[in-house]
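Colleague: Starting off with a structure, shown below.
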Amino acid sequence: MSGRRANKSGTGLDAHLVVERGAGEPGGFRLDLPLRVAPGETVALLGPNGAGKTTALRALAGLEALSGGQIILNGEILDRPKASAGRSRAARSGSQIDGPQPRRSLRAVNWHRNNPDTAVRHTRPEEFEQRDSERVPPLEQHGARWVPPEDRRIGVVFQDYLLFPHLSAIDNVAFGPRRRGSGRAEARALAADWLDRVGLGDFGKRRPRQLSGGQAQRVALARALATDPALLLLDEPLAALDARTRLDTRAELHRHLTGHTGPAIVVTHDPVDALMLADRLIVVEDGRAVQEGDAESVTARPRTDYIARLVGLNLYRGRAEGHRVLLDRTADGSASVTRFDAGDEPAESPEDAVALVVSDPLEGPAFAAFPPSAVALYPSRPEGSPRNTWRATVSGVHRHGDNLRVQLDGPLKAAADVTPAAAAQLGLEPGQTVWAAVKATEITAYPA
Ligand SMILES: Nc1ncnc2c1ncn2[C@@H]1O[C@H](COP(=O)(O)OP(=O)(O)OP(=O)(O)O)[C@@H](O)[C@H]1O
C-alpha cells in the first residue's frame, strides 16, 4: 500500500511508549516501544497474546498513563510524563529538575478511576459530555504535559467497544462531530454521509443491537472517521467477523485507510489483515519491537519463532560457514542432521552440529528458513539428490488447506506439507519414522 496517498497531513506520529506495570515483580510488564508513523502510513502491530499491543494503543489514546517516553502527534506533545521531560531538560541544561508532581498524575489517576480497567468501553457519552463541561487545558508543568483522551484528535475502533448501545447508528456517528462543536443538523448530515460511505445509508435509525457484527464494525469505523482524526487506531478491527464478512469489511477498511491522510495503527493477530492493510509491520513481543519492515521482508525473513509460525515457515538460528548453517542446539539437545548433502559424510554423532546446506554462502550468525511445502517425505532415505536429508519421527498430522501438515520430531523439528495422496502412500501416522529432504535452493539464509 505504500505511496498510495496523494494528500498527507501533518508531520505524523513520533512516539516512544514506555508503560510499566509492576516492573521487576512476578507477572510485571514493561512496554518500551518507539513508534514513528508517517502521515498517510498504516502500521500494523503484530504479536502474541500479552505482547503489549493493546497497551500501546491505549497509551496513544490517553487511556493508559505513560511512565516514560512521549507522544507527539503532528508536532503537539500529547503525553510526556515528568520523568521524560526532566530527563530531556536535564540533558540540555546538565541539571536535574525538582519540584512538585505535575497535576497530570492526579488527572490520570482520576481518569482511570472513573474508567474501570482504563477501558474506553466503560465510558458513556454522558461522561464525555460531563467531562467537556469540566474541561481543563492540557496539564503542563516542568516540561511535562498531558492532553486528556477526549482532547486528542484520535479516532479509535476497539474490538470490544464498538458503539454506544442506546444511540442509533446515526447518533453514534454524529456523536464525535457534536462534541467537536458541530451543530446537531450539521453533525447528523456529516454522519449520514459517513454511513453512506460505509454502505449503511439505510441503517441510520437502527440501534447497535439491530445491526450485524459486520455492520456494527462499519458504523464504528464511520464514527472514528467522522471526527476527521489526526491519528486512527484500530484494535483487531476484523476479529469478530465471520470469514465472508471479514473479506468484505477488510476490503472496505483498506479503502478507507487509503483515504485517511494521517497516520494509522492497526493491531491484529492475523497476518493476512496485516499484509492487506498495512504499509509496514512491527512485530511486538514481550513489550518490545523485535522485527520491523514491509510485509515482504518480514514474512520472507522472520526473526522470531512467533513470526515464523505466523507466516508458516520453519525457522532455525545458527552460524553460517559458507554454504552450511550450523544450527544452535535446542534445549532437548536434538541430534544432528544425519546427512547434509550428496557427497557429505553423515554426521552420526549427536555431538556433531545440526547443519543445513544453503545455496547462497554466508558467514556469521544467521537464520535459515524454509516453508513446509519445501519438505519432501520418503519412506526410506532418498539417494543421489543434492538435498538436506534427515530421519524424522511423525509427531502429528492435521489438515492444512488442501494438504496435510505433518509435524516432524527428531534432529530437526520441522513442519512438512504433503498432499493427501502422498500421505496415503506413506501411510503417515504419529510415531512413524520417515525421511525428510529439503533442497538447498529452497532454504533462505540471512544474517541474524
Ligand atoms: N488493566 C491491566 N492491568 C494490569 N495488567 C494488564 C492490564 N491490561 C493488560 N495487562 C497486562 O499487560 C500486558 C500486555 O497486555 P496487552 O493487552 O497490551 O497485550 P496484547 O499484546 O494486546 O495482547 P492480546 O493480543 O492478548 O490482546 C499483559 O501482561 C497483560 O496481562
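Convention: chains lettered A, B, ... in C-alpha cells order; per-chain residue numbering from 1; ligands numbered from 1 as shown.
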Contacts of Leu253 (chain A) at 9 Å or less, counting only C-alpha atoms, minus same-chain residues fewer than 2 places along, as an NGL selection string?
Modeller: :A and (198 or 218 or 221 or 237 or 248-251 or 255-258 or 277)
Colleague: Save the residues we just selected, N, CA and C atoms, as an mmCIF file, in the first residue's frame?
Modeller:
```
data_model
loop_
_atom_site.group_PDB
_atom_site.id
_atom_site.type_symbol
_atom_site.label_atom_id
_atom_site.label_comp_id
_atom_site.auth_asym_id
_atom_site.auth_seq_id
_atom_site.Cartn_x
_atom_site.Cartn_y
_atom_site.Cartn_z
ATOM 1 N N VAL A 198 -19.795 4.059 4.169
ATOM 2 C CA VAL A 198 -19.504 2.672 4.573
ATOM 3 C C VAL A 198 -20.638 1.735 4.148
ATOM 4 N N ARG A 218 -18.616 -1.482 10.753
ATOM 5 C CA ARG A 218 -18.550 -0.401 9.767
ATOM 6 C C ARG A 218 -19.073 0.908 10.357
ATOM 7 N N LEU A 221 -16.322 2.246 12.398
ATOM 8 C CA LEU A 221 -15.298 2.863 11.552
ATOM 9 C C LEU A 221 -15.763 4.247 11.094
ATOM 10 N N PRO A 237 -9.719 -4.862 14.302
ATOM 11 C CA PRO A 237 -10.985 -4.360 13.763
ATOM 12 C C PRO A 237 -11.818 -5.433 13.062
ATOM 13 N N ASP A 248 -15.122 -8.823 3.003
ATOM 14 C CA ASP A 248 -15.720 -7.570 2.506
ATOM 15 C C ASP A 248 -15.282 -6.386 3.355
ATOM 16 N N THR A 249 -15.339 -6.575 4.678
ATOM 17 C CA THR A 249 -15.029 -5.457 5.577
ATOM 18 C C THR A 249 -13.556 -5.078 5.456
ATOM 19 N N ARG A 250 -12.705 -6.088 5.242
ATOM 20 C CA ARG A 250 -11.274 -5.806 5.093
ATOM 21 C C ARG A 250 -11.037 -4.926 3.860
ATOM 22 N N ALA A 251 -11.728 -5.285 2.771
ATOM 23 C CA ALA A 251 -11.560 -4.504 1.536
ATOM 24 C C ALA A 251 -12.034 -3.071 1.754
ATOM 25 N N ARG A 255 -9.889 0.513 1.806
ATOM 26 C CA ARG A 255 -10.253 1.695 1.017
ATOM 27 C C ARG A 255 -10.243 2.947 1.907
ATOM 28 N N HIS A 256 -10.789 2.810 3.100
ATOM 29 C CA HIS A 256 -10.860 3.982 3.982
ATOM 30 C C HIS A 256 -9.480 4.359 4.531
ATOM 31 N N LEU A 257 -8.668 3.346 4.775
ATOM 32 C CA LEU A 257 -7.307 3.659 5.239
ATOM 33 C C LEU A 257 -6.553 4.391 4.139
ATOM 34 N N THR A 258 -6.808 4.006 2.920
ATOM 35 C CA THR A 258 -6.159 4.673 1.790
ATOM 36 C C THR A 258 -6.558 6.144 1.732
ATOM 37 N N LEU A 277 -3.591 -4.645 4.942
ATOM 38 C CA LEU A 277 -3.964 -3.299 5.378
ATOM 39 C C LEU A 277 -2.779 -2.369 5.604
#
```
Colleague: Write as a PDB file with N, CA and C atoms, in the first residue's frame the residues around ligand 1, taking 6 Å as the cut-off and counting only C-alpha atoms and all ligand atoms.
Modeller:
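Contents of selection-v8.pdb, freshly written:
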```
ATOM      1  N   PHE A  29       5.030  -6.080  33.919  1.00  0.00           N
ATOM      2  CA  PHE A  29       5.105  -5.900  32.474  1.00  0.00           C
ATOM      3  C   PHE A  29       5.690  -4.531  32.163  1.00  0.00           C
ATOM      4  N   PRO A  48       2.191 -11.884  19.808  1.00  0.00           N
ATOM      5  CA  PRO A  48       1.417 -12.872  20.557  1.00  0.00           C
ATOM      6  C   PRO A  48       0.584 -12.230  21.665  1.00  0.00           C
ATOM      7  N   ASN A  49      -0.279 -13.003  22.293  1.00  0.00           N
ATOM      8  CA  ASN A  49      -1.096 -12.516  23.409  1.00  0.00           C
ATOM      9  C   ASN A  49      -0.194 -11.954  24.486  1.00  0.00           C
ATOM     10  N   GLY A  50      -0.626 -10.812  25.006  1.00  0.00           N
ATOM     11  CA  GLY A  50       0.094 -10.233  26.137  1.00  0.00           C
ATOM     12  C   GLY A  50       1.363  -9.492  25.740  1.00  0.00           C
ATOM     13  N   ALA A  51       1.594  -9.291  24.441  1.00  0.00           N
ATOM     14  CA  ALA A  51       2.836  -8.640  23.996  1.00  0.00           C
ATOM     15  C   ALA A  51       2.845  -7.157  24.328  1.00  0.00           C
ATOM     16  N   GLY A  52       1.650  -6.548  24.435  1.00  0.00           N
ATOM     17  CA  GLY A  52       1.598  -5.123  24.757  1.00  0.00           C
ATOM     18  C   GLY A  52       0.996  -4.275  23.656  1.00  0.00           C
ATOM     19  N   LYS A  53       0.372  -4.901  22.683  1.00  0.00           N
ATOM     20  CA  LYS A  53      -0.173  -4.157  21.534  1.00  0.00           C
ATOM     21  C   LYS A  53      -1.320  -3.242  21.973  1.00  0.00           C
ATOM     22  N   THR A  54      -2.259  -3.809  22.735  1.00  0.00           N
ATOM     23  CA  THR A  54      -3.393  -3.008  23.186  1.00  0.00           C
ATOM     24  C   THR A  54      -2.930  -1.918  24.148  1.00  0.00           C
ATOM     25  N   THR A  55      -1.970  -2.258  24.979  1.00  0.00           N
ATOM     26  CA  THR A  55      -1.419  -1.260  25.901  1.00  0.00           C
ATOM     27  C   THR A  55      -0.867  -0.079  25.098  1.00  0.00           C
ATOM     28  N   ASP A 117     -10.677  -0.388  34.721  1.00  0.00           N
ATOM     29  CA  ASP A 117      -9.878  -1.155  33.785  1.00  0.00           C
ATOM     30  C   ASP A 117      -9.338  -0.276  32.659  1.00  0.00           C
TER      31      ASP A 117
END
```
Colleague: What are the DSSP helix (DSSP H, G or I) residues of region 163-394 of chain A, as an MDAnalysis selection string?
Modeller: chainID A and resid 169:179 184:197 201:203 208:210 213:225 243:259 271:277 295:300 305:311 372:374
Colleague: May I have the residues within 8 Å of Leu35 (chain A) as number ranges by chain, using only C-alpha atoms and disregarding those fewer than 6 positions away in the same chain?
Modeller: A: 13-17
Colleague: One decimal, in Å: what's the spacing between CA of Val375 (chain A) and CA of Glu442 (chain A)?
Modeller: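 CA of Glu442 (chain A) lies at a distance of 9.0 Å from CA of Val375 (chain A).
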Colleague: Please list as a PDB file with N, CA and C atoms, in the first residue's frame every residue within 8 Å of region 65-79 of chain A, counting only C-alpha atoms and excluding residues in the same chain fewer than 4 positions away.
Modeller:
```pdb
ATOM      1  N   GLY A  10      -0.026  16.900   8.219  1.00  0.00           N
ATOM      2  CA  GLY A  10       0.745  16.930   9.456  1.00  0.00           C
ATOM      3  C   GLY A  10       2.107  16.277   9.297  1.00  0.00           C
ATOM      4  N   THR A  11       2.751  16.128  10.454  1.00  0.00           N
ATOM      5  CA  THR A  11       4.081  15.524  10.436  1.00  0.00           C
ATOM      6  C   THR A  11       4.042  14.089  10.940  1.00  0.00           C
ATOM      7  N   GLY A  12       2.857  13.624  11.322  1.00  0.00           N
ATOM      8  CA  GLY A  12       2.714  12.234  11.725  1.00  0.00           C
ATOM      9  C   GLY A  12       2.932  12.013  13.204  1.00  0.00           C
ATOM     10  N   LEU A  13       3.094  10.752  13.547  1.00  0.00           N
ATOM     11  CA  LEU A  13       3.244  10.352  14.953  1.00  0.00           C
ATOM     12  C   LEU A  13       4.702  10.069  15.250  1.00  0.00           C
ATOM     13  N   ASP A  14       5.168  10.650  16.331  1.00  0.00           N
ATOM     14  CA  ASP A  14       6.530  10.387  16.782  1.00  0.00           C
ATOM     15  C   ASP A  14       6.423  10.059  18.274  1.00  0.00           C
ATOM     16  N   ALA A  15       6.443   8.783  18.583  1.00  0.00           N
ATOM     17  CA  ALA A  15       6.183   8.385  19.974  1.00  0.00           C
ATOM     18  C   ALA A  15       7.243   7.412  20.467  1.00  0.00           C
ATOM     19  N   HIS A  16       7.461   7.466  21.747  1.00  0.00           N
ATOM     20  CA  HIS A  16       8.218   6.420  22.431  1.00  0.00           C
ATOM     21  C   HIS A  16       7.372   6.054  23.647  1.00  0.00           C
ATOM     22  N   LEU A  17       6.767   4.873  23.570  1.00  0.00           N
ATOM     23  CA  LEU A  17       5.786   4.495  24.588  1.00  0.00           C
ATOM     24  C   LEU A  17       6.456   3.634  25.653  1.00  0.00           C
ATOM     25  N   VAL A  18       6.535   4.177  26.851  1.00  0.00           N
ATOM     26  CA  VAL A  18       7.035   3.380  27.975  1.00  0.00           C
ATOM     27  C   VAL A  18       5.913   3.282  28.996  1.00  0.00           C
ATOM     28  N   VAL A  19       5.447   2.066  29.223  1.00  0.00           N
ATOM     29  CA  VAL A  19       4.400   1.834  30.229  1.00  0.00           C
ATOM     30  C   VAL A  19       4.893   0.722  31.144  1.00  0.00           C
ATOM     31  N   GLU A  20       4.923   1.001  32.421  1.00  0.00           N
ATOM     32  CA  GLU A  20       5.393  -0.017  33.376  1.00  0.00           C
ATOM     33  C   GLU A  20       4.267  -0.413  34.304  1.00  0.00           C
ATOM     34  N   ALA A  59      -2.257   3.710  25.392  1.00  0.00           N
ATOM     35  CA  ALA A  59      -1.362   4.812  25.764  1.00  0.00           C
ATOM     36  C   ALA A  59      -1.519   5.950  24.753  1.00  0.00           C
ATOM     37  N   LEU A  60      -1.598   5.602  23.491  1.00  0.00           N
ATOM     38  CA  LEU A  60      -1.745   6.646  22.467  1.00  0.00           C
ATOM     39  C   LEU A  60      -3.075   7.370  22.614  1.00  0.00           C
ATOM     40  N   ALA A  83       9.085  12.442  34.263  1.00  0.00           N
ATOM     41  CA  ALA A  83      10.379  11.767  34.196  1.00  0.00           C
ATOM     42  C   ALA A  83      11.052  12.054  32.861  1.00  0.00           C
ATOM     43  N   SER A  84      10.269  11.961  31.758  1.00  0.00           N
ATOM     44  CA  SER A  84      10.860  12.167  30.432  1.00  0.00           C
ATOM     45  C   SER A  84      11.234  13.613  30.235  1.00  0.00           C
ATOM     46  N   ALA A 108      -4.627  11.827  35.608  1.00  0.00           N
ATOM     47  CA  ALA A 108      -4.588  10.487  35.024  1.00  0.00           C
ATOM     48  C   ALA A 108      -5.207   9.483  35.988  1.00  0.00           C
ATOM     49  N   ALA A 144       6.559  18.687  31.593  1.00  0.00           N
ATOM     50  CA  ALA A 144       5.665  17.538  31.456  1.00  0.00           C
ATOM     51  C   ALA A 144       4.344  18.025  30.866  1.00  0.00           C
ATOM     52  N   ARG A 145       3.663  17.154  30.150  1.00  0.00           N
ATOM     53  CA  ARG A 145       2.410  17.581  29.531  1.00  0.00           C
ATOM     54  C   ARG A 145       1.478  16.389  29.389  1.00  0.00           C
ATOM     55  N   TRP A 146       0.214  16.681  29.525  1.00  0.00           N
ATOM     56  CA  TRP A 146      -0.798  15.622  29.423  1.00  0.00           C
ATOM     57  C   TRP A 146      -2.038  16.190  28.761  1.00  0.00           C
ATOM     58  N   VAL A 147      -2.403  15.660  27.630  1.00  0.00           N
ATOM     59  CA  VAL A 147      -3.643  16.044  26.971  1.00  0.00           C
ATOM     60  C   VAL A 147      -4.641  14.909  27.220  1.00  0.00           C
ATOM     61  N   ARG A 152      -7.744  14.611  22.440  1.00  0.00           N
ATOM     62  CA  ARG A 152      -6.785  14.162  21.423  1.00  0.00           C
ATOM     63  C   ARG A 152      -7.555  13.915  20.133  1.00  0.00           C
ATOM     64  N   ALA A 230      -6.693  12.931  13.539  1.00  0.00           N
ATOM     65  CA  ALA A 230      -5.309  13.099  13.097  1.00  0.00           C
ATOM     66  C   ALA A 230      -4.589  11.759  13.142  1.00  0.00           C
ATOM     67  N   LEU A 231      -5.080  10.862  14.012  1.00  0.00           N
ATOM     68  CA  LEU A 231      -4.473   9.533  14.156  1.00  0.00           C
ATOM     69  C   LEU A 231      -5.612   8.527  14.287  1.00  0.00           C
TER      70      LEU A 231
END
```
Colleague: Give me every strand (DSSP E) residue in region 173-348 of chain A, going by DSSP on the backbone, as a ChimeraX atom specification.
Modeller: /A:231-235,264-268,280-285,288-293,314-327
Colleague: Considering only C-alpha atoms, return as a ChimeraX atom specification whatever protein or nucleic-acid residues lie within 9 Å of region 184-190 of chain A, sequence-local ones (same chain, fewer than 6 positions apart) excluded.
Modeller: /A:170-171,173-178,226
Colleague: Could you list, as an NGL selection string, every residue within 8 Å of Ser373 (chain A), counting only C-alpha atoms and ignoring same-chain residues fewer than 3 positions away?
Modeller: :A and (376 or 416-418)
Colleague: Find, counting only C-alpha atoms, the residue in A:Gly287, A:Pro165, A:Gly213, A:Pro39 that gets nearest to Pro263 (chain A).
Modeller: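 Smallest distance to Pro263 (chain A) is found for A:Pro39.
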Colleague: Mind giving me the straight-line distance from CA of Ala61 (chain A) to CA of Ala44 (chain A) in Å, one decimal?
Modeller: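 Calculated distance between CA of Ala61 (chain A) and CA of Ala44 (chain A) is 16.3 Å.
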Colleague: Any idea what the distance is between CA of Val266 (chain A) and CA of Glu150 (chain A)?
Modeller: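 Here the two named atoms are 20.3 Å from each other.
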